[in-house]
Structures are given as structure tokens and as C-alpha cells.
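Student: Pasting a structure here, questions to come.
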Amino acid sequence: MTPTPRSPRFVLVLSENWTLTTGRDLPTLVRWAREAEDAGFDAVMVSEHIVLGPDAGAKGVMGNPRDYAYPGNQDPFTPWPGSLMLLGAIASVTTRIRLAAAAVLAPLRHPLALARDIGTLDLLSEGRLVLQPTVSWSRDEYAALGVPFGKRGAILDEQLEIWDLLWRGSPVSYSGTHFSFEDVYFEPRAYRPDGPRMWFGGQHLHDRLLDRLVKYGHGFHPLGHPTPEETDRLAAAMAAAGRDAADLEMIGGCRPVFPDDDSVSPLEPALESIPSQLEQGFTTFCIKPSQFTDDPDGVGAFCREVVRRADALVS
């Protein structure tokens with residue numbers, strides 16, 4: 001999708017690292033972000049839940065606690081600090097690294113209130129915010145917050161329309177099924193005239209995801225790899241809208257290979273797929289430190305090793 005870069009870009013995943021630190025020790029996550037910037041990483045990523053319910057672990061808790069949290073495989077006691085506040089703290093101690101809020105469960109908040117937080121963080125970081133709004137999967141979480149689970153996609157679509165209006169100037173009026181308001185003045189706006197950069201992702205390229213990518217997307221963050229048919233469909237839809245699919249940032253990952261449920265993964269096999277992913281158009285790669293080290297004081301060294309090994313693979 002995008003030209004092969006000289007070197008892959010790396011995103012340090014700061015969520016779910018609770019084998020390395022506790023969910024209450026957030027200054028450690030801020031320190032890791034600063035160390036990742038010093039090591040040459042391109043971004044840090046923080047995901048979120050507001051609350052969890054019993055359906056968080058309905059499919060059985062993951063065997064190795066270092067693995068990724070997927071729908072239904074996690075302990076409901078898993079910590080999920082507020083992503084935008086945490087990224088705000090990171091913005092204050094870094095200067096270059098991008099701040100990926102992925103994923104923000106937008107339908108659980110009013111779009112005007114969420115736009116205020118998003119715009120403020122984007123200004124605070126001078127345009128370094130990357131937002132990945134999503135609908136998520138937990139019926140229990142939606143029920144707790146009184147938001148209809150079955151309408152979450154339609155709610156997000158209205159939110160995206162509202163944000164697109166807000167970033168461009170005041171006053172703003174909107175009349176939709178889920179949100180309506182008149183003559184709203186919204187200042188200060190985001191750093192760029194068209195708002196923060198936005199990624200969208202999902203397990204499959206369904207119609208709504210495709211529409212969001214074409215209308216608002218700056219990056220595609222699929223869960224896994226899109227099929228050739230999905231890639232062709234995305235390229236055609238972008239071209240029909242007067243956009244070039246090559247301009248979309250493609251976000252891939254580095255999959256751990258755990259020898260057992262008690263050990264970290266070796267780094268080398270997790271990086272082996274990077275050259276082939278680069279050839280497929282992926283440019284940016286997410287990696288979670290707790291999957292590869294049990295040393296909370298070694299994250300900076302881990303980041304430097306990732307960059308060194310990856311550069312060697314593509315040189």
C-alpha cells in the first residue's frame with residue numbers, strides 16, 4: 001500500500017504490560033515512553049476500557065499473561081488506565097514520538113466532550129496525537145454505561161461526522177439520530193485544520209470500516225493481515241473517492257512465540273516477518289515489551305535492540 005521505507009517504524013505498546021509493572025505505577029509507563037523515544041521508536045500506543053464485566057473472560061483467560069488481550073480472553077481485574085490522560089503525561093516529557101490512542105471507545109462518550117479531550121491532547125503534543133476510534137466488543141461495558149450495544153456503529157459514524165465539522169470551524173450545528181445540537185462554538189480546535197491523524201482497524205474490512213477509512217482515515221491497523229481481495233477493495237474505494245491508498249499508513253505487528261505459559265518470547269522470531277510485511281506495504285509495527293522481557297528497567301535497552309535487529313534485517 002505504501003512505499004517500502006528505509007527502516008521500519010516501531011510503536012511501543014504500553015497497555016497490558018502488567019507482568020512488568022502494576023496498573024497503578026503509571027509513572028513507569030511514562031518513563032518507558034521517554035526511553036522509547038530516545039531509542040528511536042516512532043510512537044507509543046495506549047488502548048482502553050472504561051470498565052470490564054464478566055464477559056471479559058467469557059472465553060477463558062489467556063494462558064500466558066504476557067499475551068495480547070482479545071475479546072473474552074482476559075481477567076476482568078485487568079487494569080485499563082485512562083488512555084488520553086496517560087498520553088497527556090507522556091506528551092509533557094517527550095518531543096518527537098507520536099501518541100497513539102488506540103483504541104478509543106468513542107460511543108461510550110458524548111462526541112463534544114470527547115472532542116474537547118482529543119483536541120486538547122493534540123494541541124498539547126503539537127499534532128503528535130494519533131486517534132483510533134472504535135466500537136469494541138464488550139456488551140457488559142456498554143450496559144454499565146447505558147449505551148445501546150447494537151447501535152454502537154451508528155453512534156461512531158455520527159461522532160466522526162461531528163468531529164469533522166468541529167475541527168473546521170465554529171459555529172457548528174448537527175441533527176442526527178443519536179446527537180443533535182445547534183450553534184456550538186468549539187475553541188480551541190485541534191492542532192491541524194482537519195483534526196488529528198486517525199487510524200481505523202478491525203478483523204475484517206467490512207463496509208462501515210471501509211467507509212471510515214475512505215472518509216477519514218490516515219492509517220489502516222488491521223487485526224492480522226488483510227486479504228488480497230480486501231486490499232484491492234480498499235484501493236478501489238480510495239481511488240473512487242479521489243484518494244490514493246498508498247497514502248494510508250499500514251500498521252502491522254510483531255507476534256511473540258511463547259515457549260510456555262510462564263516465559264517470555266525470544267525476540268528474533270517475532271521480528272522475522274518484518275521484511276515480508278514491508279514488501280506487502282506495512283510500514284509501522286507494534287510491539288509489546290512484556291512479551292519479550294521481564295525486566296522493568298530494561299525496556300529502553302529492549303527498544304534499542306528492536307531497532308538494531310530490525311535495521312539488520314532490512315539492510
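Labeling convention for the C-alpha cells: chains A, B, ... as they appear, residues from 1 per chain, ligands from 1 in order of appearance.
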What residues in segment 37-83 of chain A get the DSSP label strand (DSSP E)? Please answer as a list in words.
Tutor: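 Result set for segment 37-83 of chain A (strand (DSSP E)): Ala43, Val44, Met45 and Val46 of chain A.
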Student: What does the file look like for those residues with N, CA, C and O atoms, as an mmCIF file, in the first residue's frame?
Tutor:
data_model
loop_
_atom_site.group_PDB
_atom_site.id
_atom_site.type_symbol
_atom_site.label_atom_id
_atom_site.label_comp_id
_atom_site.auth_asym_id
_atom_site.auth_seq_id
_atom_site.Cartn_x
_atom_site.Cartn_y
_atom_site.Cartn_z
ATOM 1 N N ALA A 43 6.470 5.742 17.872
ATOM 2 C CA ALA A 43 5.223 6.027 18.589
ATOM 3 C C ALA A 43 5.112 5.141 19.815
ATOM 4 O O ALA A 43 5.782 4.114 19.943
ATOM 5 N N VAL A 44 4.254 5.564 20.727
ATOM 6 C CA VAL A 44 3.779 4.711 21.812
ATOM 7 C C VAL A 44 2.278 4.567 21.658
ATOM 8 O O VAL A 44 1.614 5.437 21.100
ATOM 9 N N MET A 45 1.742 3.460 22.142
ATOM 10 C CA MET A 45 0.317 3.172 21.981
ATOM 11 C C MET A 45 -0.296 2.820 23.330
ATOM 12 O O MET A 45 0.271 2.055 24.105
ATOM 13 N N VAL A 46 -1.477 3.386 23.577
ATOM 14 C CA VAL A 46 -2.251 3.058 24.770
ATOM 15 C C VAL A 46 -3.675 2.757 24.337
ATOM 16 O O VAL A 46 -4.296 3.548 23.627
#
Student: What's the 12 Å shell around Lys215 of chain A, counting only C-alpha atoms, without same-chain residues fewer than 5 positions away, as a VMD selection string?
Tutor: chain A and resid 157 160 to 161 164 194 198 to 200 208 to 210 234 237 to 243 245 248
Student: Take the residues that were just selected and, keeping C-alpha atoms, output them as a PDB file, in the first residue's frame.
Tutor:
ATOM      1  CA  ASP A 157     -20.417   7.243  12.436  1.00  0.00           C
ATOM      2  CA  LEU A 160     -16.970  11.084  13.136  1.00  0.00           C
ATOM      3  CA  GLU A 161     -19.245  13.425  11.193  1.00  0.00           C
ATOM      4  CA  ASP A 164     -15.095  16.565  11.076  1.00  0.00           C
ATOM      5  CA  ASP A 194      -8.660  18.801   9.684  1.00  0.00           C
ATOM      6  CA  MET A 198      -6.803   8.829  12.578  1.00  0.00           C
ATOM      7  CA  TRP A 199      -6.274   5.097  12.211  1.00  0.00           C
ATOM      8  CA  PHE A 200      -9.051   2.579  11.800  1.00  0.00           C
ATOM      9  CA  ARG A 208     -18.517   0.505   7.677  1.00  0.00           C
ATOM     10  CA  LEU A 209     -14.775   0.176   8.270  1.00  0.00           C
ATOM     11  CA  LEU A 210     -14.104   0.735   4.579  1.00  0.00           C
ATOM     12  CA  LEU A 234      -9.700  -0.666  -0.303  1.00  0.00           C
ATOM     13  CA  ALA A 237     -12.738   2.649  -2.863  1.00  0.00           C
ATOM     14  CA  MET A 238      -9.963   5.140  -2.143  1.00  0.00           C
ATOM     15  CA  ALA A 239      -9.479   5.824  -5.852  1.00  0.00           C
ATOM     16  CA  ALA A 240     -13.215   6.319  -6.341  1.00  0.00           C
ATOM     17  CA  ALA A 241     -13.089   8.989  -3.625  1.00  0.00           C
ATOM     18  CA  GLY A 242     -10.116  10.712  -5.250  1.00  0.00           C
ATOM     19  CA  ARG A 243      -7.642   9.381  -2.701  1.00  0.00           C
ATOM     20  CA  ALA A 245      -4.445   4.069  -0.972  1.00  0.00           C
ATOM     21  CA  LEU A 248      -2.559   5.217   4.077  1.00  0.00           C
TER      22      LEU A 248
END
Student: Going by DSSP on the backbone, which residues of segment 185-289 of chain A come out as helix (DSSP H, G or I)? List them as number ranges by chain.
Tutor: A: 207-216, 228-240, 245-247, 267-271, 274-279, 289
Student: Nearest to Gly40 of chain A: which of A:Leu20, A:Ile162, A:Val93, A:Leu12 is it, counting only C-alpha atoms?
Tutor: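 When distances to Gly40 of chain A are compared using only C-alpha atoms, the smallest one comes from A:Leu12.
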Student: Have a look at atom CA of Asp261 of chain A and atom CA of Pro65 of chain A and let me know their distance in Å, one decimal.
Tutor: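 A separation of 7.5 Å between them.
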Student: For Arg116 of chain A, which residue among A:Val130, A:Leu223, A:Val257, A:Leu84 is the nearest when counting only C-alpha atoms?
Tutor: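 For Arg116 of chain A, the nearest of the candidates is A:Leu84.
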Student: Could you pull the residues within 7 Å of segment 298-315 of chain A, counting only C-alpha atoms, minus those fewer than 5 positions along the same chain, as a count of residues only?
Tutor: 8
Student: If you count only C-alpha atoms, which residues fall within 9 Å of Pro269 of chain A, apart from same-chain ones fewer than 6 positions away, as an MDAnalysis selection string?
Tutor: chainID A and resid 254:257
Student: Can you write just those residues out, C-alpha atoms, as a compact mmCIF listing (two decimals), in the first residue's frame?
Tutor:
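Dumped everything to part-v2.txt:
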# COMPACT_ATOMS: atom_id res chain seq x y z
CA CYS A 254 5.40 -8.47 15.87
CA ARG A 255 3.92 -11.75 17.11
CA PRO A 256 5.54 -13.42 20.14
CA VAL A 257 6.37 -17.12 20.19
Student: Between atom CA of Thr19 of chain A and atom CA of Pro81 of chain A, what is the distance in Å, rounded to a tenth?
Tutor: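 Value for the atom CA of Thr19 of chain A-atom CA of Pro81 of chain A distance: 15.5 Å.
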Student: Rank nothing, just name the residue among A:Ser263, A:Ser173, A:Thr28, A:Thr284 nearest to Gly63 of chain A, using only C-alpha atoms.
Tutor: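 So, comparing all the options, the nearest one is A:Ser263.
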Student: To one decimal place in Å, what is the distance between atom CA of Leu14 of chain A and atom CA of Thr78 of chain A?
Tutor: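 Separation between atom CA of Leu14 of chain A and atom CA of Thr78 of chain A: 13.7 Å.
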Student: From the list A:Gly53, A:Gly252, A:Gly201, A:Gly195, which residue is nearest Val104 of chain A when using only C-alpha atoms?
Tutor: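 For Val104 of chain A, the nearest of the given residues is A:Gly201.
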Student: Show which residues sit within 12 Å of Asp117 of chain A, as a count of residues only. Count only C-alpha atoms, and ignore same-chain residues fewer than 3 positions away.
Tutor: 29
Student: Hey, what's within 10 Å of Arg96 of chain A if we count only C-alpha atoms and toss same-chain stuff fewer than 3 positions away? As a PyMOL selection string, please?
Tutor: chain A and resi 34+37-38+40-43+91+93+99+125-126+128
Student: Quick one: write out the picked residues with N, CA, C and O atoms as a PDB file, in the first residue's frame?
Tutor:
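Output file part07.pdb is given in full below:
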ATOM      1  N   ARG A  34       9.467   7.728  27.288  1.00  0.00           N
ATOM      2  CA  ARG A  34      10.635   8.589  27.065  1.00  0.00           C
ATOM      3  C   ARG A  34      11.832   7.765  26.589  1.00  0.00           C
ATOM      4  O   ARG A  34      12.577   8.179  25.694  1.00  0.00           O
ATOM      5  N   GLU A  37      11.368   6.874  22.927  1.00  0.00           N
ATOM      6  CA  GLU A  37      11.719   7.997  22.064  1.00  0.00           C
ATOM      7  C   GLU A  37      13.232   8.096  21.911  1.00  0.00           C
ATOM      8  O   GLU A  37      13.744   8.271  20.791  1.00  0.00           O
ATOM      9  N   ASP A  38      13.951   7.959  23.019  1.00  0.00           N
ATOM     10  CA  ASP A  38      15.407   8.046  22.963  1.00  0.00           C
ATOM     11  C   ASP A  38      16.003   6.922  22.109  1.00  0.00           C
ATOM     12  O   ASP A  38      17.058   7.103  21.485  1.00  0.00           O
ATOM     13  N   GLY A  40      14.695   5.671  19.436  1.00  0.00           N
ATOM     14  CA  GLY A  40      14.356   5.815  18.025  1.00  0.00           C
ATOM     15  C   GLY A  40      13.016   5.250  17.626  1.00  0.00           C
ATOM     16  O   GLY A  40      12.713   5.152  16.429  1.00  0.00           O
ATOM     17  N   PHE A  41      12.188   4.877  18.603  1.00  0.00           N
ATOM     18  CA  PHE A  41      10.843   4.420  18.273  1.00  0.00           C
ATOM     19  C   PHE A  41      10.022   5.577  17.718  1.00  0.00           C
ATOM     20  O   PHE A  41      10.263   6.746  18.030  1.00  0.00           O
ATOM     21  N   ASP A  42       9.045   5.242  16.890  1.00  0.00           N
ATOM     22  CA  ASP A  42       8.228   6.249  16.230  1.00  0.00           C
ATOM     23  C   ASP A  42       7.020   6.655  17.061  1.00  0.00           C
ATOM     24  O   ASP A  42       6.544   7.786  16.958  1.00  0.00           O
ATOM     25  N   ALA A  43       6.470   5.742  17.872  1.00  0.00           N
ATOM     26  CA  ALA A  43       5.223   6.027  18.589  1.00  0.00           C
ATOM     27  C   ALA A  43       5.112   5.141  19.815  1.00  0.00           C
ATOM     28  O   ALA A  43       5.782   4.114  19.943  1.00  0.00           O
ATOM     29  N   ALA A  91       3.104  13.185  26.681  1.00  0.00           N
ATOM     30  CA  ALA A  91       3.375  14.340  25.820  1.00  0.00           C
ATOM     31  C   ALA A  91       4.248  15.366  26.527  1.00  0.00           C
ATOM     32  O   ALA A  91       5.086  16.029  25.891  1.00  0.00           O
ATOM     33  N   VAL A  93       6.691  14.941  28.567  1.00  0.00           N
ATOM     34  CA  VAL A  93       8.098  14.581  28.783  1.00  0.00           C
ATOM     35  C   VAL A  93       8.770  14.098  27.494  1.00  0.00           C
ATOM     36  O   VAL A  93       9.906  13.617  27.536  1.00  0.00           O
ATOM     37  N   LEU A  99       1.798   9.800  19.679  1.00  0.00           N
ATOM     38  CA  LEU A  99       0.984   9.311  20.786  1.00  0.00           C
ATOM     39  C   LEU A  99      -0.258   8.647  20.206  1.00  0.00           C
ATOM     40  O   LEU A  99      -1.191   9.330  19.783  1.00  0.00           O
ATOM     41  N   SER A 125       0.430  18.206  22.416  1.00  0.00           N
ATOM     42  CA  SER A 125       1.533  17.459  21.813  1.00  0.00           C
ATOM     43  C   SER A 125       1.970  18.042  20.477  1.00  0.00           C
ATOM     44  O   SER A 125       2.837  17.461  19.816  1.00  0.00           O
ATOM     45  N   GLU A 126       1.373  19.157  20.077  1.00  0.00           N
ATOM     46  CA  GLU A 126       1.694  19.824  18.808  1.00  0.00           C
ATOM     47  C   GLU A 126       1.528  18.880  17.615  1.00  0.00           C
ATOM     48  O   GLU A 126       2.401  18.732  16.780  1.00  0.00           O
ATOM     49  N   ARG A 128       1.008  15.520  17.600  1.00  0.00           N
ATOM     50  CA  ARG A 128       1.570  14.167  17.652  1.00  0.00           C
ATOM     51  C   ARG A 128       0.530  13.099  17.949  1.00  0.00           C
ATOM     52  O   ARG A 128       0.833  11.901  17.929  1.00  0.00           O
TER      53      ARG A 128
END
